[in-house]
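Engineer: Structure: target_26.cif, mmCIF, C-alpha atoms.
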data_final
#
loop_
_atom_site.label_atom_id
_atom_site.label_comp_id
_atom_site.auth_asym_id
_atom_site.auth_seq_id
_atom_site.Cartn_x
_atom_site.Cartn_y
_atom_site.Cartn_z
CA MET T 1 173.56 106.03 42.95
CA SER T 2 176.69 105.15 44.92
CA THR T 3 176.80 102.80 47.89
CA LEU T 4 179.40 102.20 50.57
CA HIS T 5 179.71 98.59 49.45
CA PRO T 6 178.67 96.91 46.21
CA PRO T 7 175.88 94.33 46.54
CA GLU T 8 176.90 90.80 47.49
CA PRO T 9 174.40 88.39 45.90
CA ILE T 10 173.49 85.36 47.99
CA VAL T 11 174.50 82.19 46.13
CA HIS T 12 173.50 79.47 48.61
CA VAL T 13 171.25 78.96 51.63
CA GLY T 14 171.57 75.69 53.53
CA VAL T 15 169.72 74.49 56.61
CA SER T 16 170.22 71.47 58.86
CA ALA T 17 168.96 70.27 62.23
CA TYR T 18 170.68 68.40 65.06
CA ARG T 19 169.13 66.73 68.09
CA ILE T 20 171.59 66.59 71.01
CA PRO T 21 170.76 64.52 74.11
CA THR T 22 171.07 66.26 77.45
CA ASP T 23 173.72 65.04 79.87
CA ALA T 24 170.93 64.15 82.32
CA PRO T 25 167.12 64.44 82.37
CA GLU T 26 166.14 68.11 82.63
CA SER T 27 162.93 69.78 83.77
CA ASP T 28 161.61 73.06 85.07
CA GLY T 29 158.30 74.09 86.62
CA THR T 30 156.22 73.29 83.53
CA LEU T 31 158.29 71.20 81.07
CA GLU T 32 160.50 68.10 80.88
CA TRP T 33 163.03 67.27 78.14
CA ASP T 34 165.91 64.90 77.40
CA SER T 35 167.28 66.47 74.20
CA THR T 36 167.66 69.85 72.51
CA THR T 37 167.29 70.51 68.78
CA LEU T 38 169.63 72.98 67.10
CA VAL T 39 168.56 74.37 63.71
CA LEU T 40 171.53 75.76 61.78
CA VAL T 41 171.47 78.03 58.72
CA ARG T 42 174.45 78.65 56.42
CA ILE T 43 174.39 81.47 53.84
CA ASN T 44 177.11 81.99 51.21
CA ALA T 45 177.92 85.20 49.34
CA GLY T 46 181.05 86.91 48.08
CA GLY T 47 183.24 83.93 48.89
CA ALA T 48 182.24 83.99 52.58
CA SER T 49 179.90 81.82 54.62
CA GLY T 50 177.77 83.01 57.53
CA ILE T 51 176.05 80.82 60.12
CA GLY T 52 173.02 81.40 62.28
CA TYR T 53 171.05 79.14 64.58
CA THR T 54 168.07 78.73 66.84
CA TYR T 55 167.00 76.15 69.40
CA ALA T 56 163.70 74.98 67.95
CA ASP T 57 161.82 72.11 66.33
CA THR T 58 162.79 70.50 63.03
CA ALA T 59 159.68 72.15 61.57
CA THR T 60 161.66 75.39 61.74
CA ALA T 61 164.23 73.93 59.37
CA ALA T 62 161.49 72.91 56.93
CA LEU T 63 160.01 76.41 56.98
CA ILE T 64 163.41 77.97 56.27
CA ARG T 65 164.06 75.58 53.41
CA ASP T 66 160.62 75.87 51.80
CA ARG T 67 159.58 79.49 52.46
CA LEU T 68 162.53 81.67 53.40
CA ALA T 69 165.51 80.37 51.41
CA PRO T 70 163.84 81.06 48.02
CA LEU T 71 163.46 84.72 49.04
CA LEU T 72 167.21 85.08 49.55
CA HIS T 73 168.82 83.57 46.45
CA GLY T 74 170.40 86.29 44.31
CA ARG T 75 169.52 89.08 46.74
CA ASP T 76 172.03 91.39 48.42
CA ALA T 77 173.40 89.80 51.58
CA LEU T 78 174.46 93.17 52.99
CA SER T 79 170.92 94.64 52.89
CA ILE T 80 169.82 92.84 56.03
CA ASN T 81 166.82 95.06 56.80
CA ALA T 82 165.40 94.40 53.33
CA ARG T 83 165.91 90.66 53.71
CA TRP T 84 164.25 90.77 57.17
CA GLN T 85 161.23 92.63 55.78
CA ASP T 86 160.89 90.15 52.92
CA MET T 87 160.81 87.25 55.39
CA ALA T 88 158.34 88.96 57.75
CA THR T 89 156.00 89.62 54.81
CA ALA T 90 156.26 86.05 53.53
CA ILE T 91 155.07 84.48 56.81
CA ARG T 92 152.14 86.86 57.35
CA ASN T 93 149.46 84.19 56.93
CA LEU T 94 151.41 81.55 58.87
CA GLY T 95 151.42 83.42 62.19
CA ARG T 96 154.31 85.44 63.55
CA PRO T 97 154.93 83.92 67.03
CA GLY T 98 156.71 80.60 67.38
CA ILE T 99 158.23 78.67 64.50
CA CYS T 100 158.06 81.52 61.97
CA SER T 101 159.93 83.97 64.19
CA MET T 102 162.53 81.35 65.11
CA ALA T 103 163.07 80.65 61.41
CA ILE T 104 163.55 84.36 60.67
CA SER T 105 165.87 84.58 63.68
CA ALA T 106 168.24 81.87 62.45
CA VAL T 107 168.42 83.38 58.95
CA ASP T 108 168.91 86.91 60.27
CA VAL T 109 171.77 85.80 62.54
CA ALA T 110 173.43 84.07 59.57
CA LEU T 111 173.14 87.29 57.54
CA TRP T 112 174.78 89.33 60.31
CA ASP T 113 177.56 86.75 60.70
CA LEU T 114 178.05 86.82 56.93
CA LYS T 115 178.16 90.62 56.87
CA GLY T 116 180.87 90.65 59.50
CA LYS T 117 182.90 88.16 57.49
CA LEU T 118 182.41 90.05 54.23
CA LEU T 119 183.61 93.24 55.93
CA ASN T 120 186.27 91.33 57.93
CA VAL T 121 185.07 92.73 61.25
CA SER T 122 183.69 91.08 64.37
CA LEU T 123 179.97 91.38 65.00
CA ALA T 124 180.75 93.06 68.33
CA ALA T 125 182.75 95.75 66.50
CA LEU T 126 180.17 96.00 63.72
CA LEU T 127 177.40 96.72 66.24
CA GLY T 128 179.60 99.07 68.26
CA PRO T 129 180.49 97.78 71.73
CA ALA T 130 179.17 99.56 74.81
CA ARG T 131 181.47 97.37 76.93
CA GLN T 132 184.39 95.01 76.35
CA ALA T 133 182.87 92.12 78.33
CA ILE T 134 179.53 91.17 79.89
CA ALA T 135 178.80 89.50 83.21
CA VAL T 136 177.15 86.07 83.04
CA TYR T 137 174.92 84.21 85.44
CA GLY T 138 175.12 80.44 85.65
CA SER T 139 171.73 78.97 84.77
CA GLY T 140 170.57 75.42 85.46
CA GLY T 141 169.59 73.90 88.77
CA PHE T 142 166.84 71.90 87.08
CA THR T 143 163.95 70.52 89.10
CA SER T 144 165.03 67.03 87.97
CA TYR T 145 168.35 67.42 89.79
CA SER T 146 168.99 65.81 93.13
CA GLU T 147 169.91 68.19 95.93
CA GLN T 148 173.50 67.00 95.66
CA ARG T 149 173.73 67.83 91.95
CA LEU T 150 172.02 71.16 92.55
CA ARG T 151 174.61 72.05 95.16
CA GLU T 152 177.51 70.86 92.98
CA GLN T 153 176.45 72.78 89.89
CA LEU T 154 175.56 76.09 91.53
CA GLY T 155 178.42 75.88 94.02
CA GLY T 156 180.87 75.11 91.19
CA TRP T 157 179.80 78.21 89.28
CA ALA T 158 180.19 80.34 92.40
CA GLN T 159 183.68 78.96 93.02
CA SER T 160 184.66 79.73 89.40
CA GLY T 161 183.94 83.43 89.94
CA ILE T 162 180.44 83.65 88.46
CA ARG T 163 178.66 86.21 90.61
CA HIS T 164 175.03 85.10 90.11
CA VAL T 165 173.42 81.67 89.63
CA LYS T 166 169.88 80.61 88.76
CA MET T 167 167.85 77.51 89.62
CA LYS T 168 164.50 76.12 88.46
CA ILE T 169 161.53 75.88 90.81
CA GLY T 170 157.78 75.20 90.64
CA ARG T 171 157.44 71.53 89.75
CA GLU T 172 157.04 70.42 93.37
CA PRO T 173 156.23 73.63 95.25
CA GLU T 174 156.29 71.89 98.60
CA HIS T 175 160.05 71.32 98.17
CA ASP T 176 160.99 74.70 96.68
CA VAL T 177 161.93 76.54 99.86
CA ALA T 178 164.16 73.67 100.98
CA ARG T 179 165.87 73.56 97.57
CA VAL T 180 166.45 77.31 97.64
CA ARG T 181 167.91 76.98 101.14
CA ALA T 182 170.25 74.24 99.92
CA ALA T 183 171.34 76.37 96.97
CA ARG T 184 172.11 79.32 99.23
CA GLU T 185 174.20 77.09 101.49
CA ALA T 186 176.14 75.80 98.47
CA ILE T 187 176.98 79.21 96.97
CA GLY T 188 177.62 81.16 100.17
CA VAL T 189 176.54 84.68 101.00
CA ASP T 190 178.52 86.58 98.34
CA THR T 191 176.89 85.04 95.24
CA GLY T 192 173.53 86.26 93.96
CA LEU T 193 170.74 83.68 93.81
CA PHE T 194 168.06 83.77 91.08
CA VAL T 195 164.97 81.54 90.75
CA ASP T 196 162.85 80.73 87.70
CA ALA T 197 159.36 79.22 88.00
CA ASN T 198 158.63 79.13 84.24
CA GLY T 199 155.09 80.27 84.98
CA ALA T 200 154.27 77.39 87.32
CA TYR T 201 152.70 79.35 90.19
CA THR T 202 149.39 81.12 90.69
CA ARG T 203 149.71 84.78 91.67
CA LYS T 204 148.95 84.11 95.36
CA GLN T 205 151.44 81.23 95.44
CA ALA T 206 154.07 83.35 93.77
CA LEU T 207 153.61 86.24 96.18
CA ALA T 208 153.89 83.93 99.19
CA PHE T 209 156.96 82.17 97.79
CA ALA T 210 158.60 85.49 96.95
CA ARG T 211 158.48 86.39 100.64
CA ASP T 212 159.86 82.98 101.61
CA PHE T 213 162.66 83.22 99.04
CA ALA T 214 163.58 86.69 100.25
CA GLN T 215 164.65 85.08 103.53
CA HIS T 216 167.43 83.41 101.51
CA ASP T 217 168.43 86.60 99.68
CA VAL T 218 166.89 85.69 96.33
CA THR T 219 167.17 88.82 94.19
CA TRP T 220 165.60 87.67 90.89
CA PHE T 221 162.24 85.94 90.38
CA GLU T 222 161.74 84.93 86.75
CA GLU T 223 158.30 84.11 85.37
CA PRO T 224 156.71 83.62 88.79
CA VAL T 225 153.44 83.35 86.85
CA SER T 226 152.74 82.96 83.15
CA SER T 227 154.45 85.69 81.15
CA ASP T 228 151.09 86.28 79.46
CA ASP T 229 149.58 87.30 82.81
CA LEU T 230 150.83 90.87 82.80
CA SER T 231 148.56 92.04 85.61
CA SER T 232 149.92 89.38 87.98
CA LEU T 233 153.50 90.19 87.02
CA ARG T 234 152.73 93.84 87.80
CA LEU T 235 151.22 92.82 91.16
CA LEU T 236 154.34 90.88 92.07
CA ARG T 237 156.57 93.73 90.95
CA ASP T 238 154.63 96.20 93.10
CA ASP T 239 153.95 94.04 96.18
CA GLY T 240 156.89 91.65 96.21
CA PRO T 241 159.88 91.97 98.54
CA PRO T 242 162.12 95.02 98.05
CA GLY T 243 165.25 94.18 96.11
CA MET T 244 163.71 91.23 94.25
CA ALA T 245 163.56 91.84 90.49
CA ILE T 246 160.63 90.40 88.51
CA SER T 247 161.75 89.31 85.04
CA ALA T 248 160.16 87.84 81.90
CA GLY T 249 160.26 88.15 78.13
CA GLU T 250 161.91 84.98 76.82
CA TYR T 251 158.74 84.11 74.87
CA GLY T 252 158.74 87.41 73.02
CA TYR T 253 158.66 86.77 69.28
CA ASP T 254 158.06 90.34 68.10
CA LEU T 255 158.43 93.92 69.29
CA PRO T 256 154.71 94.45 70.08
CA TYR T 257 155.01 91.68 72.70
CA PHE T 258 157.84 93.52 74.44
CA ARG T 259 156.03 96.85 74.11
CA ARG T 260 152.92 95.45 75.81
CA MET T 261 155.01 94.04 78.66
CA LEU T 262 156.76 97.36 79.20
CA GLU T 263 153.56 99.40 78.91
CA ALA T 264 152.01 97.21 81.61
CA GLN T 265 155.07 97.91 83.82
CA ALA T 266 155.14 94.17 84.39
CA VAL T 267 158.89 93.59 84.79
CA ASP T 268 161.94 95.07 86.45
CA VAL T 269 164.20 93.44 83.85
CA LEU T 270 163.20 92.47 80.31
CA GLN T 271 164.60 89.27 78.81
CA ALA T 272 164.96 88.85 75.07
CA ASP T 273 166.14 85.89 73.02
CA ALA T 274 167.68 86.57 69.59
CA THR T 275 166.96 82.95 68.57
CA ARG T 276 163.23 83.74 68.90
CA CYS T 277 162.59 87.47 68.52
CA GLY T 278 163.84 87.98 64.97
CA GLY T 279 167.58 87.48 65.29
CA VAL T 280 170.08 90.28 65.74
CA THR T 281 167.70 92.71 64.04
CA GLY T 282 164.81 91.91 66.38
CA PHE T 283 167.07 91.89 69.43
CA LEU T 284 168.32 95.39 68.62
CA GLY T 285 164.68 96.50 68.51
CA ALA T 286 164.02 95.03 71.95
CA CYS T 287 167.14 96.76 73.21
CA ALA T 288 165.87 100.11 71.92
CA LEU T 289 162.53 99.58 73.68
CA CYS T 290 164.32 98.88 76.96
CA GLU T 291 166.35 102.03 76.61
CA ALA T 292 163.24 104.08 75.84
CA TRP T 293 161.45 102.71 78.94
CA GLY T 294 164.48 102.84 81.21
CA ILE T 295 164.35 99.08 81.85
CA PRO T 296 167.47 96.85 82.04
CA LEU T 297 167.92 94.07 79.47
CA SER T 298 169.19 90.52 79.97
CA SER T 299 169.59 87.91 77.25
CA HIS T 300 167.93 84.49 77.39
CA CYS T 301 170.00 81.33 76.67
CA ALA T 302 172.26 80.82 73.58
CA PRO T 303 175.31 82.47 75.19
CA ALA T 304 177.64 82.29 72.17
CA LEU T 305 175.10 84.09 70.01
CA HIS T 306 174.19 86.74 72.58
CA LEU T 307 177.76 87.63 73.58
CA PRO T 308 178.41 90.30 70.91
CA LEU T 309 174.83 91.55 71.18
CA MET T 310 174.99 92.07 74.93
CA CYS T 311 178.34 93.81 74.67
CA ALA T 312 176.65 96.27 72.29
CA ALA T 313 173.40 96.65 74.27
CA ARG T 314 173.53 99.85 76.32
CA PRO T 315 170.80 98.72 78.78
CA GLY T 316 172.32 95.23 79.05
CA ILE T 317 173.21 93.99 82.54
CA HIS T 318 174.09 90.30 82.13
CA LEU T 319 173.90 87.24 79.89
CA GLU T 320 172.35 83.89 80.75
CA TYR T 321 174.97 81.13 80.69
CA PHE T 322 172.45 78.31 80.32
CA HIS T 323 173.91 74.88 81.08
CA ASP T 324 172.24 73.01 78.23
CA HIS T 325 173.12 75.55 75.50
CA ALA T 326 176.61 76.34 76.81
CA ARG T 327 177.38 72.61 76.73
CA ILE T 328 176.13 72.26 73.14
CA GLU T 329 177.95 75.37 71.94
CA HIS T 330 181.26 74.22 73.39
CA MET T 331 180.74 70.80 71.80
CA LEU T 332 179.76 72.02 68.33
CA PHE T 333 181.14 75.54 67.83
CA GLU T 334 184.81 76.35 67.59
CA GLY T 335 185.52 79.65 69.34
CA ALA T 336 182.68 79.55 71.91
CA ALA T 337 183.92 81.70 74.78
CA VAL T 338 184.40 80.45 78.34
CA PRO T 339 183.64 82.73 81.32
CA ASP T 340 186.68 84.24 83.00
CA ASN T 341 185.97 85.26 86.58
CA GLY T 342 182.29 85.60 85.75
CA MET T 343 182.76 87.61 82.53
CA LEU T 344 182.50 86.76 78.82
CA ALA T 345 184.42 88.77 76.23
CA PRO T 346 184.12 88.46 72.44
CA GLU T 347 187.18 87.69 70.38
CA MET T 348 187.44 90.95 68.41
CA ALA T 349 189.97 89.51 65.95
CA ARG T 350 187.52 86.90 64.65
CA PRO T 351 185.03 88.21 62.04
CA GLY T 352 181.28 87.85 62.46
CA LEU T 353 180.02 85.91 65.47
CA GLY T 354 183.52 84.59 66.04
CA ILE T 355 182.43 80.95 66.02
CA GLU T 356 182.50 78.20 63.41
CA PHE T 357 180.32 75.10 63.30
CA ARG T 358 182.07 71.74 63.77
CA ARG T 359 180.19 69.82 61.12
CA GLN T 360 182.08 66.56 61.57
CA GLU T 361 181.46 66.46 65.33
CA ALA T 362 177.79 67.28 64.78
CA ARG T 363 177.11 64.69 62.10
CA CYS T 364 176.10 62.00 64.59
CA TYR T 365 173.31 64.27 65.89
CA GLU T 366 171.87 65.28 62.52
CA VAL T 367 168.15 64.63 61.95
#
Here is the file; what I need is its structure written in the form of C-alpha cells.
Structural biologist:
Amino acid sequence: MSTLHPPEPIVHVGVSAYRIPTDAPESDGTLEWDSTTLVLVRINAGGASGIGYTYADTATAALIRDRLAPLLHGRDALSINARWQDMATAIRNLGRPGICSMAISAVDVALWDLKGKLLNVSLAALLGPARQAIAVYGSGGFTSYSEQRLREQLGGWAQSGIRHVKMKIGREPEHDVARVRAAREAIGVDTGLFVDANGAYTRKQALAFARDFAQHDVTWFEEPVSSDDLSSLRLLRDDGPPGMAISAGEYGYDLPYFRRMLEAQAVDVLQADATRCGGVTGFLGACALCEAWGIPLSSHCAPALHLPLMCAARPGIHLEYFHDHARIEHMLFEGAAVPDNGMLAPEMARPGLGIEFRRQEARCYEV
C-alpha cells in the first residue's frame, strides 16, 4: 500500500512547565491570580522538532509524561488522527474534561507543528487559509485594575488600531456600570466595547446589566452567567438588547460540549480554545460545528497558537489578544506576531506554527 509520505517515527517526547508571574495582580468576576503556568511539549521525528503548549496546571505535564508520551514513542508522527484517538482512549477512565483534554491539546499542537516542519510548510498553509489575516480584540481590563490603568490599557489598544477591546466585570457589580462608562470614554465612539463577567451574575442581574451596558454601546456580553447554565444564556440571547452578542464556550473540552451549547441556541458567537478542546484537531471539530449551525467562531486566549487556526476557520470572526498570554508569548516565543492596525497575519515562510520556544529565557520560570 502506497502513502503520500513515508511514516516518520517519533523518537522523543519531552514536557516541561513554567510559572510566569503576572505584571500586576489580575482578577475577573470569579477568580484571582498572580501567575500563569505554561506547559510545553516537544516532539522529535525525522530530524525535526515540534512544539505545543497549553496554559494549565503542572499536573498536566505529569499526565503527559506518564500517560501520553509512552503512547507516542515509535509511532508515526504524521498520522495525527491516529495519535489523537490513542490519547483519547488512554484517558477514558480519568475523565475527559479538564487536565486530560489540556494534556491532549498540548501534544496535538506539537504534532501539527512537527508535521508542518516535516513538510516544510506553515500550519496556516497546511490547514488552508480562508483569509490572510484575522482581526484581534484587545482583552484585559481586569477587575483588579484601577480606573486609570483600565483607561490606559483599553485606550492604548484603541489608539493602536485595534477595533474592539474587552474588559472584565462582575467582581463588584455595584461598580460595573461606572467602569464600563470609563472604558467607553477612554476608547471613544469608534471602538467596539466587549464585557466578560466570567459567570459572576445571576440571570436577573445579567439581564438588568445588559440593558445598562447597552447605554454605553457594549456589543458583546461574554459568560453573563455560568456557561453551564444554557437556559439562562438562551434567555439573555433572546431577551437582551438588540445588537449585543452573547458568547461562551471557553470551557469546552470536547465536541459534545459545543454541540449541546449550539443545540440549546445559547450563544450568538461560540468561543473555542485549542489549548483545552483537544488541540488543532479538536478546534477544527468545533469550527465544523459552528459552520453546520451557522454560528460565528472566536478563539479564546493563546493568540500565537490560534493565529493560523483562525486564518483557516471559515466561520471565524476574530481572535482574542489576551494581555496575559500575549505578554508571555512575546517573552518566550520567537516569532510571536504583533497586531498591525488591529490585524494579525501568520508568517507563511516559517514552517509549522511559526514560533520557536526561547528555552534560555524561560529557564528562570521552570517548575
Engineer: Evaluate the PyMOL selection byres ((chain T and resi 33-36) around 12) and record the selected residues as a VMD selection string, following the chain and residue labels used in the document.
Structural biologist: chain T and resid 17 to 32 37 to 39 54 to 58 142 to 144 302 323 to 329 365 to 367
Engineer: For the selection just defined, write its residues with C-alpha atoms to a file, as a PDB file, in the coordinates of the input.
Structural biologist:
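File written: out30.pdb
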ATOM      1  CA  ALA T  17     168.960  70.270  62.230  1.00  0.00           C
ATOM      2  CA  TYR T  18     170.680  68.400  65.060  1.00  0.00           C
ATOM      3  CA  ARG T  19     169.130  66.730  68.090  1.00  0.00           C
ATOM      4  CA  ILE T  20     171.590  66.590  71.010  1.00  0.00           C
ATOM      5  CA  PRO T  21     170.760  64.520  74.110  1.00  0.00           C
ATOM      6  CA  THR T  22     171.070  66.260  77.450  1.00  0.00           C
ATOM      7  CA  ASP T  23     173.720  65.040  79.870  1.00  0.00           C
ATOM      8  CA  ALA T  24     170.930  64.150  82.320  1.00  0.00           C
ATOM      9  CA  PRO T  25     167.120  64.440  82.370  1.00  0.00           C
ATOM     10  CA  GLU T  26     166.140  68.110  82.630  1.00  0.00           C
ATOM     11  CA  SER T  27     162.930  69.780  83.770  1.00  0.00           C
ATOM     12  CA  ASP T  28     161.610  73.060  85.070  1.00  0.00           C
ATOM     13  CA  GLY T  29     158.300  74.090  86.620  1.00  0.00           C
ATOM     14  CA  THR T  30     156.220  73.290  83.530  1.00  0.00           C
ATOM     15  CA  LEU T  31     158.290  71.200  81.070  1.00  0.00           C
ATOM     16  CA  GLU T  32     160.500  68.100  80.880  1.00  0.00           C
ATOM     17  CA  THR T  37     167.290  70.510  68.780  1.00  0.00           C
ATOM     18  CA  LEU T  38     169.630  72.980  67.100  1.00  0.00           C
ATOM     19  CA  VAL T  39     168.560  74.370  63.710  1.00  0.00           C
ATOM     20  CA  THR T  54     168.070  78.730  66.840  1.00  0.00           C
ATOM     21  CA  TYR T  55     167.000  76.150  69.400  1.00  0.00           C
ATOM     22  CA  ALA T  56     163.700  74.980  67.950  1.00  0.00           C
ATOM     23  CA  ASP T  57     161.820  72.110  66.330  1.00  0.00           C
ATOM     24  CA  THR T  58     162.790  70.500  63.030  1.00  0.00           C
ATOM     25  CA  PHE T 142     166.840  71.900  87.080  1.00  0.00           C
ATOM     26  CA  THR T 143     163.950  70.520  89.100  1.00  0.00           C
ATOM     27  CA  SER T 144     165.030  67.030  87.970  1.00  0.00           C
ATOM     28  CA  ALA T 302     172.260  80.820  73.580  1.00  0.00           C
ATOM     29  CA  HIS T 323     173.910  74.880  81.080  1.00  0.00           C
ATOM     30  CA  ASP T 324     172.240  73.010  78.230  1.00  0.00           C
ATOM     31  CA  HIS T 325     173.120  75.550  75.500  1.00  0.00           C
ATOM     32  CA  ALA T 326     176.610  76.340  76.810  1.00  0.00           C
ATOM     33  CA  ARG T 327     177.380  72.610  76.730  1.00  0.00           C
ATOM     34  CA  ILE T 328     176.130  72.260  73.140  1.00  0.00           C
ATOM     35  CA  GLU T 329     177.950  75.370  71.940  1.00  0.00           C
ATOM     36  CA  TYR T 365     173.310  64.270  65.890  1.00  0.00           C
ATOM     37  CA  GLU T 366     171.870  65.280  62.520  1.00  0.00           C
ATOM     38  CA  VAL T 367     168.150  64.630  61.950  1.00  0.00           C
TER      39      VAL T 367
END
Engineer: For the file shown, what are the residues hit by the PyMOL selection byres ((chain T and resi 70) around 12), laid out as an MDAnalysis selection string?
Structural biologist: chainID T and resid 10:14 63:69 71:75 83 86:87 90
Engineer: Under the PyMOL selection byres ((chain T and resi 339) around 10), which residues of this model are included? Write them out as a count of residues only.
Structural biologist: 20
Engineer: Please work out which residues fall within 7 Å of (174.0, 82.5, 53.5), coordinates as given in the file, with all atoms listed in the file counting, and return them as a list of chain:residue names.
Structural biologist: T:Ile10, T:His12, T:Val13, T:Arg42, T:Ile43, T:Asn44, T:Ala45, T:Ser49, T:Gly50, T:Ala110, T:Leu111, T:Leu114
Engineer: Kindly give the distance, in Å, that separates CA of Gly279 (chain T) and CA of Asp108 (chain T), rounded to a single decimal.
Structural biologist: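 These two atoms are separated by 5.2 Å.
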Engineer: Which value, in Å to one decimal, gives the distance between CA of His175 (chain T) and CA of Val218 (chain T)?
Structural biologist: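 CA of Val218 (chain T) lies 16.0 Å from CA of His175 (chain T).
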Engineer: Quote the spacing between CA of Ile99 (chain T) and CA of Asp229 (chain T) in Å to one decimal place.
Structural biologist: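 Distance reported for this atom pair: 22.0 Å.
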Engineer: Pick out the residues sitting within 12 Å of Pro296 (chain T), and hand them over as a VMD selection string; count only C-alpha atoms, and ignore anything fewer than 6 positions along from it in its own chain.
Structural biologist: chain T and resid 245 to 249 262 267 to 272 286 to 290 310 313 to 319
